[in-house]
>>> print(open('protein04.cif').read())   # mmCIF, C-alpha atoms
data_upload
#
loop_
_atom_site.label_atom_id
_atom_site.label_comp_id
_atom_site.auth_asym_id
_atom_site.auth_seq_id
_atom_site.Cartn_x
_atom_site.Cartn_y
_atom_site.Cartn_z
CA MET L 1 0.00 0.00 0.00
CA SER L 2 1.30 3.38 -0.98
CA MET L 3 2.08 6.02 1.62
CA LEU L 4 1.50 8.91 -0.78
CA PRO L 5 -1.84 10.17 0.64
CA GLN L 6 -0.40 10.23 4.16
CA LEU L 7 2.67 12.09 2.93
CA PHE L 8 0.50 14.65 1.14
CA PHE L 9 -1.66 15.12 4.20
CA GLY L 10 1.41 15.40 6.42
CA TYR L 11 2.91 18.16 4.32
CA PHE L 12 -0.32 20.15 4.05
CA ALA L 13 -1.22 19.74 7.74
CA ALA L 14 2.26 20.83 8.85
CA ALA L 15 2.23 23.79 6.46
CA ILE L 16 -1.27 24.87 7.52
CA ILE L 17 -0.40 24.77 11.23
CA LEU L 18 2.93 26.55 10.70
CA MET L 19 1.31 29.29 8.62
CA SER L 20 -1.53 29.76 11.10
CA LEU L 21 1.07 30.31 13.81
CA LEU L 22 2.95 32.76 11.58
CA VAL L 23 -0.29 34.67 10.85
CA ILE L 24 -1.02 35.33 14.51
CA THR L 25 2.57 36.03 15.61
CA ARG L 26 3.88 38.47 12.95
CA LYS L 27 4.33 42.03 14.15
CA ASN L 28 3.67 43.63 10.79
CA PRO L 29 0.04 43.07 9.66
CA VAL L 30 1.15 43.05 6.00
CA HIS L 31 3.29 39.98 6.70
CA SER L 32 0.34 38.36 8.46
CA VAL L 33 -1.86 38.94 5.41
CA MET L 34 0.79 37.44 3.11
CA TRP L 35 1.12 34.31 5.25
CA MET L 36 -2.64 34.06 5.33
CA LEU L 37 -2.72 34.16 1.52
CA LEU L 38 -0.36 31.18 1.38
CA LEU L 39 -2.40 29.47 4.10
CA PHE L 40 -5.63 29.82 2.11
CA PHE L 41 -3.99 28.26 -0.95
CA HIS L 42 -2.91 25.31 1.17
CA ILE L 43 -6.42 24.94 2.59
CA ALA L 44 -7.77 25.00 -0.98
CA SER L 45 -5.37 22.14 -1.84
CA MET L 46 -6.71 20.28 1.18
CA TYR L 47 -10.23 20.66 -0.25
CA LEU L 48 -9.04 19.27 -3.59
CA PHE L 49 -7.62 16.36 -1.64
CA LEU L 50 -11.12 15.78 -0.22
CA ASN L 51 -12.74 15.83 -3.70
CA ALA L 52 -14.34 19.26 -3.23
CA GLU L 53 -13.28 21.08 -6.39
CA PHE L 54 -15.94 23.77 -6.29
CA ILE L 55 -15.21 24.58 -2.64
CA ALA L 56 -11.49 24.79 -3.46
CA ALA L 57 -12.25 27.20 -6.31
CA ILE L 58 -14.39 29.53 -4.19
CA GLN L 59 -11.82 29.32 -1.40
CA VAL L 60 -9.24 30.78 -3.79
CA ILE L 61 -11.62 33.25 -5.46
CA VAL L 62 -13.54 34.55 -2.45
CA TYR L 63 -11.08 34.12 0.43
CA ALA L 64 -7.74 34.68 -1.26
CA GLY L 65 -9.07 36.90 -4.02
CA ALA L 66 -11.64 39.11 -2.30
CA ILE L 67 -11.40 38.96 1.50
CA LEU L 68 -7.62 39.09 1.72
CA VAL L 69 -7.38 41.90 -0.82
CA LEU L 70 -9.86 43.82 1.36
CA PHE L 71 -7.65 43.13 4.40
CA LEU L 72 -4.57 44.28 2.52
CA PHE L 73 -6.32 47.48 1.41
CA VAL L 74 -7.29 48.34 4.98
CA VAL L 75 -3.83 47.53 6.36
CA LEU L 76 -2.20 49.73 3.74
CA LEU L 77 -4.82 52.47 4.16
CA LEU L 78 -4.25 52.82 7.90
CA ASN L 79 -0.97 54.26 9.05
CA LEU L 80 0.48 51.57 11.28
CA LYS L 81 4.02 52.82 11.88
CA ASP L 82 3.74 52.82 15.68
CA GLU L 83 2.53 49.24 15.41
CA LEU L 84 6.09 48.03 14.96
CA GLU L 85 7.27 49.51 18.26
CA THR L 86 4.66 48.11 20.66
CA ASP L 87 4.35 44.61 22.13
CA ARG L 88 2.44 42.22 19.95
CA PHE L 89 0.68 40.28 22.74
CA ILE L 90 -1.30 41.53 25.71
CA GLY L 91 0.32 41.15 29.12
CA SER L 92 -1.85 38.22 30.17
CA TRP L 93 -1.15 36.06 27.11
CA PRO L 94 -0.55 32.89 29.19
CA ALA L 95 -4.25 32.96 30.09
CA GLY L 96 -5.12 33.01 26.37
CA LEU L 97 -2.70 30.14 25.77
CA LEU L 98 -4.37 28.16 28.55
CA VAL L 99 -7.84 28.71 27.06
CA SER L 100 -6.77 27.72 23.54
CA VAL L 101 -4.89 24.61 24.74
CA ALA L 102 -7.96 23.63 26.80
CA ILE L 103 -10.15 23.97 23.70
CA PHE L 104 -7.76 21.81 21.67
CA VAL L 105 -7.53 19.13 24.36
CA SER L 106 -11.29 18.94 24.81
CA LEU L 107 -11.87 18.74 21.04
CA ALA L 108 -9.21 16.02 20.71
CA ALA L 109 -10.67 14.10 23.66
CA ALA L 110 -14.16 14.27 22.16
CA LEU L 111 -12.79 12.59 19.03
CA LYS L 112 -12.68 9.22 20.82
CA SER L 113 -16.46 9.07 21.20
CA LEU L 114 -17.14 10.12 17.60
CA VAL L 115 -19.65 7.88 15.81
CA LEU L 116 -20.28 8.67 12.15
CA GLY L 117 -23.86 8.85 10.95
CA GLN L 118 -25.41 7.09 7.99
CA SER L 119 -23.66 7.58 4.65
CA GLY L 120 -25.39 9.68 2.01
CA ASN L 121 -26.00 8.99 -1.66
CA PHE L 122 -23.15 11.03 -3.13
CA THR L 123 -20.41 8.46 -3.50
CA VAL L 124 -17.08 9.47 -5.01
CA ALA L 125 -17.92 7.60 -8.22
CA LEU L 126 -21.26 9.40 -8.60
CA VAL L 127 -19.77 12.85 -7.96
CA GLN L 128 -16.99 12.08 -10.43
CA LYS L 129 -19.58 11.11 -13.03
CA ILE L 130 -21.83 14.18 -12.77
CA THR L 131 -18.99 16.52 -11.58
CA HIS L 132 -18.88 18.21 -8.19
CA THR L 133 -20.15 21.61 -9.29
CA LYS L 134 -23.24 20.14 -10.91
CA ALA L 135 -23.98 17.88 -7.94
CA LEU L 136 -23.65 20.84 -5.57
CA GLY L 137 -25.83 23.03 -7.78
CA GLN L 138 -28.54 20.41 -7.96
CA ILE L 139 -28.89 20.44 -4.16
CA LEU L 140 -28.31 24.17 -3.75
CA TYR L 141 -30.99 25.26 -6.22
CA THR L 142 -33.64 22.80 -5.08
CA GLU L 143 -33.37 21.87 -1.44
CA TYR L 144 -31.49 24.96 -0.29
CA LEU L 145 -33.05 27.57 -2.56
CA PHE L 146 -34.51 29.63 0.28
CA PRO L 147 -31.23 29.85 2.28
CA PHE L 148 -29.52 30.74 -0.99
CA GLU L 149 -31.85 33.72 -1.42
CA ILE L 150 -31.23 34.75 2.19
CA ALA L 151 -27.49 34.67 1.48
CA SER L 152 -28.01 37.26 -1.27
CA LEU L 153 -29.88 39.44 1.24
CA ILE L 154 -26.96 39.12 3.71
CA LEU L 155 -24.55 40.29 1.02
CA LEU L 156 -26.79 43.24 0.16
CA ILE L 157 -26.94 44.29 3.81
CA ALA L 158 -23.14 43.93 4.04
CA VAL L 159 -22.67 46.25 1.05
CA ILE L 160 -24.96 48.92 2.52
CA GLY L 161 -23.56 48.50 6.03
CA ALA L 162 -19.95 48.79 4.90
CA ILE L 163 -20.66 52.04 3.04
CA VAL L 164 -22.63 53.54 5.93
CA LEU L 165 -20.00 52.60 8.52
CA ALA L 166 -16.91 53.66 6.58
CA LYS L 167 -18.15 56.90 5.04
CA LYS L 168 -16.96 60.16 6.50
CA ARG L 169 -19.46 61.88 8.79
CA MET L 170 -20.62 65.20 7.34
CA ARG L 171 -20.40 68.06 9.83
CA SER L 172 -23.89 69.53 10.17
CA HIS L 173 -22.61 73.02 10.97
CA MET G 1 -6.57 6.52 2.89
CA VAL G 2 -6.11 9.23 5.49
CA PRO G 3 -8.42 8.69 8.50
CA LEU G 4 -11.08 11.26 9.30
CA SER G 5 -9.68 11.91 12.77
CA TRP G 6 -6.50 13.41 11.25
CA TYR G 7 -8.54 16.09 9.51
CA LEU G 8 -10.52 16.76 12.68
CA LEU G 9 -7.33 17.09 14.72
CA LEU G 10 -5.89 19.51 12.15
CA SER G 11 -9.11 21.49 12.27
CA ALA G 12 -9.04 21.58 16.09
CA ALA G 13 -5.40 22.75 16.03
CA VAL G 14 -6.10 25.60 13.58
CA PHE G 15 -9.20 26.59 15.59
CA SER G 16 -7.17 26.74 18.82
CA ILE G 17 -4.50 28.83 17.13
CA GLY G 18 -7.25 31.20 16.02
CA VAL G 19 -8.64 31.39 19.57
CA PHE G 20 -5.16 32.13 20.91
CA GLY G 21 -4.61 34.90 18.37
CA PHE G 22 -7.99 36.44 19.08
CA LEU G 23 -7.48 36.45 22.85
CA THR G 24 -3.91 37.70 22.98
CA ARG G 25 -3.18 40.11 20.12
CA ARG G 26 -3.53 43.86 20.62
CA ASN G 27 -3.99 44.71 16.97
CA ILE G 28 -7.65 44.57 15.97
CA ILE G 29 -6.80 43.62 12.36
CA ILE G 30 -4.88 40.52 13.51
CA MET G 31 -7.76 39.69 15.88
CA PHE G 32 -10.08 39.85 12.91
CA MET G 33 -7.78 37.57 10.90
CA SER G 34 -7.88 35.10 13.80
CA ILE G 35 -11.67 34.95 13.38
CA GLU G 36 -11.18 34.10 9.70
CA LEU G 37 -8.73 31.40 10.80
CA MET G 38 -11.37 29.87 13.07
CA LEU G 39 -13.96 29.93 10.27
CA ASN G 40 -11.50 28.13 7.99
CA ALA G 41 -10.82 25.51 10.64
CA VAL G 42 -14.52 24.74 10.83
CA ASN G 43 -14.70 24.61 7.03
CA ILE G 44 -11.93 21.98 6.93
CA SER G 45 -13.81 19.73 9.33
CA LEU G 46 -17.09 20.22 7.47
CA VAL G 47 -15.55 19.27 4.12
CA ALA G 48 -13.82 16.27 5.73
CA PHE G 49 -17.07 15.07 7.30
CA SER G 50 -18.84 15.57 3.99
CA HIS G 51 -16.25 13.47 2.18
CA TYR G 52 -16.31 10.63 4.67
CA LEU G 53 -20.12 10.56 4.95
CA GLN G 54 -20.50 10.82 1.13
CA ASP G 55 -22.98 13.62 1.55
CA LEU G 56 -22.77 17.06 -0.06
CA ARG G 57 -24.63 18.96 2.65
CA GLY G 58 -21.38 19.86 4.40
CA HIS G 59 -20.24 21.54 1.19
CA ILE G 60 -23.48 23.55 1.10
CA LEU G 61 -22.80 24.70 4.64
CA VAL G 62 -19.23 25.70 3.71
CA PHE G 63 -20.65 27.64 0.76
CA PHE G 64 -22.88 29.65 3.11
CA ILE G 65 -20.08 30.10 5.66
CA ILE G 66 -17.85 31.62 2.97
CA THR G 67 -20.70 33.97 1.96
CA VAL G 68 -21.21 35.10 5.53
CA ALA G 69 -17.43 35.44 6.02
CA ALA G 70 -17.26 37.79 3.04
CA ALA G 71 -20.08 39.92 4.44
CA GLU G 72 -18.48 39.85 7.87
CA ALA G 73 -15.11 40.94 6.48
CA ALA G 74 -16.67 43.90 4.67
CA ILE G 75 -18.60 45.08 7.75
CA GLY G 76 -15.74 44.40 10.17
CA LEU G 77 -13.17 46.26 8.11
CA ALA G 78 -15.59 49.19 7.77
CA ILE G 79 -15.86 49.25 11.58
CA ILE G 80 -12.05 49.18 11.84
CA ILE G 81 -11.79 52.14 9.43
CA ALA G 82 -14.40 54.08 11.43
CA LEU G 83 -12.57 53.27 14.68
CA PHE G 84 -9.21 54.32 13.27
CA ARG G 85 -10.70 57.57 12.00
CA ASN G 86 -12.05 58.43 15.46
CA LYS G 87 -9.29 57.06 17.71
CA ASN G 88 -6.25 57.01 15.41
CA THR G 89 -5.25 53.57 16.70
CA VAL G 90 -5.98 49.90 16.02
CA HIS G 91 -4.98 48.73 19.50
CA VAL G 92 -7.90 47.28 21.41
CA ASP G 93 -6.53 48.24 24.83
CA GLU G 94 -6.84 51.91 23.91
CA MET G 95 -10.53 51.57 23.09
CA HIS G 96 -12.48 51.77 26.33
CA GLU G 97 -15.37 54.11 25.60
CA MET G 98 -17.95 51.47 26.39
CA LYS G 99 -16.20 50.53 29.65
CA GLY G 100 -16.49 46.87 28.73
#
>>> encode(input="protein04.cif", output="structure tokens")
Amino acid sequence: MSMLPQLFFGYFAAAIILMSLLVITRKNPVHSVMWMLLLFFHIASMYLFLNAEFIAAIQVIVYAGAILVLFLFVVLLLNLKDELETDRFIGSWPAGLLVSVAIFVSLAAALKSLVLGQSGNFTVALVQKITHTKALGQILYTEYLFPFEIASLILLIAVIGAIVLAKKRMRSH
Amino acid sequence: MVPLSWYLLLSAAVFSIGVFGFLTRRNIIIMFMSIELMLNAVNISLVAFSHYLQDLRGHILVFFIITVAAAEAAIGLAIIIALFRNKNTVHVDEMHEMKG
């Protein structure tokens, strides 16, 4: 039996964890954004590895292409020179470390009692035959049509909200 | 074949890193990026579950999570711009108007 899938997973898991750590520890936010870009590409590869082509594509287009560019714009727009002289973590960072380690340990401990539910109809062979995008679209536009419409409403509200929040207040007098 | 628990452990690790970043960084932009990290961790576990259960509903959920994350990023960054305009800082420990 070939070890190739395990090797692939090992590389991507190690890279994802390393880059996540780099994202939250860099002093300069621009560096954080750049590491996050690389991280999102690795996560997209992980999705490809799990036979989710469409999800991998929107991960690259929406996360890496839209959200991170937005982050980069804001970081470059704000003047963050004094950022580089202050401490990066708050004084009580060991408490934060304790909380995050506790969350990891409890999630890992819960893994032992995991029982998978009943398998669905979309086997790998079926999805390969009708392609992932088509299979996803068939569910999205029938069973999940109403949530899909709500998602468009959420995006509309986000557009209006972002403009209202970020626009300069006019002085009334 | 890679077992499902490996993906779930990876997801838990990335989520914890996101929690750590959110709790301990001073810079509100990095805190915001930690939230995106946590969302991505959940997405990894959803896609992994979906693959192992041979069901596409996890992918649908990821689709909606990415939509909401985009909306959240737009609103959140607008709030950061408004905060920076008023306070001239992105450090959360200098924002104490609400006495929280």
>>> residues_around(input="protein04.cif", residues="G:Met1", least_positions_apart="4", cutoff="9 Å", atoms="all atoms listed in the file", output="short mmCIF file (atom, residue, chain, number, x, y, z; two decimals) with C-alpha atoms, in the frame of the given file")
data_model
loop_
_atom_site.label_atom_id
_atom_site.label_comp_id
_atom_site.auth_asym_id
_atom_site.auth_seq_id
_atom_site.Cartn_x
_atom_site.Cartn_y
_atom_site.Cartn_z
CA MET L 3 2.08 6.02 1.62
CA PRO L 5 -1.84 10.17 0.64
CA GLN L 6 -0.40 10.23 4.16
#
>>> resolve_selection(input="protein04.cif", expression="the PyMOL selection byres ((chain G and resi 82) around 10)", output="number ranges by chain")
L: 164-169; G: 76-81, 83-88
>>> residues_near_point(input="protein04.cif", point="(-3.1, 37.9, 20.6)", cutoff="10 Å", atoms="all atoms listed in the file", output="PyMOL selection string")
(chain L and resi 24-25+88-93+96-97) or (chain G and resi 17-28+30-31+34)
>>> resolve_selection(input="protein04.cif", expression="the PyMOL selection byres ((chain G and resi 9) around 9)", output="tab-separated table (two decimals) with C-alpha atoms, keeping the file's coordinate frame")
chain	number	residue	atom	x	y	z
L	104	PHE	CA	-7.76	21.81	21.67
L	107	LEU	CA	-11.87	18.74	21.04
L	108	ALA	CA	-9.21	16.02	20.71
L	111	LEU	CA	-12.79	12.59	19.03
G	4	LEU	CA	-11.08	11.26	9.30
G	5	SER	CA	-9.68	11.91	12.77
G	6	TRP	CA	-6.50	13.41	11.25
G	7	TYR	CA	-8.54	16.09	9.51
G	8	LEU	CA	-10.52	16.76	12.68
G	10	LEU	CA	-5.89	19.51	12.15
G	11	SER	CA	-9.11	21.49	12.27
G	12	ALA	CA	-9.04	21.58	16.09
G	13	ALA	CA	-5.40	22.75	16.03
G	14	VAL	CA	-6.10	25.60	13.58
G	45	SER	CA	-13.81	19.73	9.33
>>> atom_distance(input="protein04.cif", atom1="atom CA of L:Leu145", atom2="atom CA of G:Ile65")
15.6 Å
>>> resolve_selection(input="protein04.cif", expression="the PyMOL selection byres ((chain G and resi 52) around 12)", output="ChimeraX atom specification")
/L:50-52,115-124 /G:1-5,7-8,45-51,53-58
>>> residues_around(input="protein04.cif", residues="L:Leu72", least_positions_apart="4", cutoff="9 Å", atoms="all atoms listed in the file", output="PyMOL selection string")
chain L and resi 29-30+33-34+67-68+76-77
>>> write_last_selection(input="protein04.cif", atoms="C-alpha atoms", output="PDB file, in the frame of the given file")
ATOM      1  CA  PRO L  29       0.040  43.070   9.660  1.00  0.00           C
ATOM      2  CA  VAL L  30       1.150  43.050   6.000  1.00  0.00           C
ATOM      3  CA  VAL L  33      -1.860  38.940   5.410  1.00  0.00           C
ATOM      4  CA  MET L  34       0.790  37.440   3.110  1.00  0.00           C
ATOM      5  CA  ILE L  67     -11.400  38.960   1.500  1.00  0.00           C
ATOM      6  CA  LEU L  68      -7.620  39.090   1.720  1.00  0.00           C
ATOM      7  CA  LEU L  76      -2.200  49.730   3.740  1.00  0.00           C
ATOM      8  CA  LEU L  77      -4.820  52.470   4.160  1.00  0.00           C
TER       9      LEU L  77
END
>>> residues_around(input="protein04.cif", residues="G:Phe63", least_positions_apart="5", cutoff="10 Å", atoms="all atoms listed in the file", output="ChimeraX atom specification")
/L:54-55,58-59,136,140,148,151 /G:43,57-58,68-69
>>> residues_near_point(input="protein04.cif", point="(-22.9, 45.8, 2.1)", cutoff="10 Å", atoms="all atoms listed in the file", output="PyMOL selection string")
(chain L and resi 153-165) or (chain G and resi 70-72+74-75+78)
>>> write_last_selection(input="protein04.cif", atoms="C-alpha atoms", output="mmCIF file, in the frame of the given file")
data_model
loop_
_atom_site.group_PDB
_atom_site.id
_atom_site.type_symbol
_atom_site.label_atom_id
_atom_site.label_comp_id
_atom_site.auth_asym_id
_atom_site.auth_seq_id
_atom_site.Cartn_x
_atom_site.Cartn_y
_atom_site.Cartn_z
ATOM 1 C CA LEU L 153 -29.880 39.440 1.240
ATOM 2 C CA ILE L 154 -26.960 39.120 3.710
ATOM 3 C CA LEU L 155 -24.550 40.290 1.020
ATOM 4 C CA LEU L 156 -26.790 43.240 0.160
ATOM 5 C CA ILE L 157 -26.940 44.290 3.810
ATOM 6 C CA ALA L 158 -23.140 43.930 4.040
ATOM 7 C CA VAL L 159 -22.670 46.250 1.050
ATOM 8 C CA ILE L 160 -24.960 48.920 2.520
ATOM 9 C CA GLY L 161 -23.560 48.500 6.030
ATOM 10 C CA ALA L 162 -19.950 48.790 4.900
ATOM 11 C CA ILE L 163 -20.660 52.040 3.040
ATOM 12 C CA VAL L 164 -22.630 53.540 5.930
ATOM 13 C CA LEU L 165 -20.000 52.600 8.520
ATOM 14 C CA ALA G 70 -17.260 37.790 3.040
ATOM 15 C CA ALA G 71 -20.080 39.920 4.440
ATOM 16 C CA GLU G 72 -18.480 39.850 7.870
ATOM 17 C CA ALA G 74 -16.670 43.900 4.670
ATOM 18 C CA ILE G 75 -18.600 45.080 7.750
ATOM 19 C CA ALA G 78 -15.590 49.190 7.770
#
>>> closest_residue(input="protein04.cif", among="L:Leu21, L:Glu149, L:His31, L:Val60", to="chain G", atoms="all atoms listed in the file")
L:Leu21
>>> atom_distance(input="protein04.cif", atom1="atom CA of G:Val42", atom2="atom CA of L:Ile43")
11.6 Å
>>> atom_distance(input="protein04.cif", atom1="atom CA of L:Ala57", atom2="atom CA of L:Ala44")
7.3 Å
>>> closest_residue(input="protein04.cif", among="G:Ile29, G:Glu36, G:Ser16, G:Ile44", to="L:Phe73", atoms="only C-alpha atoms")
G:Ile29
>>> closest_residue(input="protein04.cif", among="L:Gln138, L:Ser106, L:Thr133, L:Asn28", to="L:Glu85", atoms="all atoms listed in the file")
L:Asn28
>>> decode(input="protein04.cif", residues="stretch 52-64 of chain G", atoms="N, CA and C atoms", output="short mmCIF file (atom, residue, chain, number, x, y, z; two decimals), in the first residue's frame")
data_model
loop_
_atom_site.label_atom_id
_atom_site.label_comp_id
_atom_site.auth_asym_id
_atom_site.auth_seq_id
_atom_site.Cartn_x
_atom_site.Cartn_y
_atom_site.Cartn_z
N TYR G 52 -16.28 11.96 4.07
CA TYR G 52 -16.31 10.63 4.67
C TYR G 52 -17.72 10.10 4.82
N LEU G 53 -18.73 11.02 4.88
CA LEU G 53 -20.12 10.56 4.95
C LEU G 53 -20.75 10.47 3.57
N GLN G 54 -20.02 10.83 2.52
CA GLN G 54 -20.50 10.82 1.13
C GLN G 54 -21.80 11.59 0.99
N ASP G 55 -21.79 12.78 1.56
CA ASP G 55 -22.98 13.62 1.55
C ASP G 55 -22.51 15.05 1.23
N LEU G 56 -23.24 15.74 0.36
CA LEU G 56 -22.77 17.06 -0.06
C LEU G 56 -23.30 18.19 0.81
N ARG G 57 -24.04 17.87 1.87
CA ARG G 57 -24.63 18.96 2.65
C ARG G 57 -23.58 19.78 3.40
N GLY G 58 -22.47 19.12 3.78
CA GLY G 58 -21.38 19.86 4.40
C GLY G 58 -20.82 20.91 3.46
N HIS G 59 -20.74 20.57 2.17
CA HIS G 59 -20.24 21.54 1.19
C HIS G 59 -21.18 22.74 1.07
N ILE G 60 -22.50 22.45 1.15
CA ILE G 60 -23.48 23.55 1.10
C ILE G 60 -23.25 24.49 2.28
N LEU G 61 -23.02 23.89 3.44
CA LEU G 61 -22.80 24.70 4.64
C LEU G 61 -21.54 25.54 4.49
N VAL G 62 -20.47 24.95 3.93
CA VAL G 62 -19.23 25.70 3.71
C VAL G 62 -19.48 26.86 2.74
N PHE G 63 -20.28 26.60 1.72
CA PHE G 63 -20.65 27.64 0.76
C PHE G 63 -21.27 28.84 1.48
N PHE G 64 -22.22 28.55 2.39
CA PHE G 64 -22.88 29.65 3.11
C PHE G 64 -21.92 30.31 4.10
#
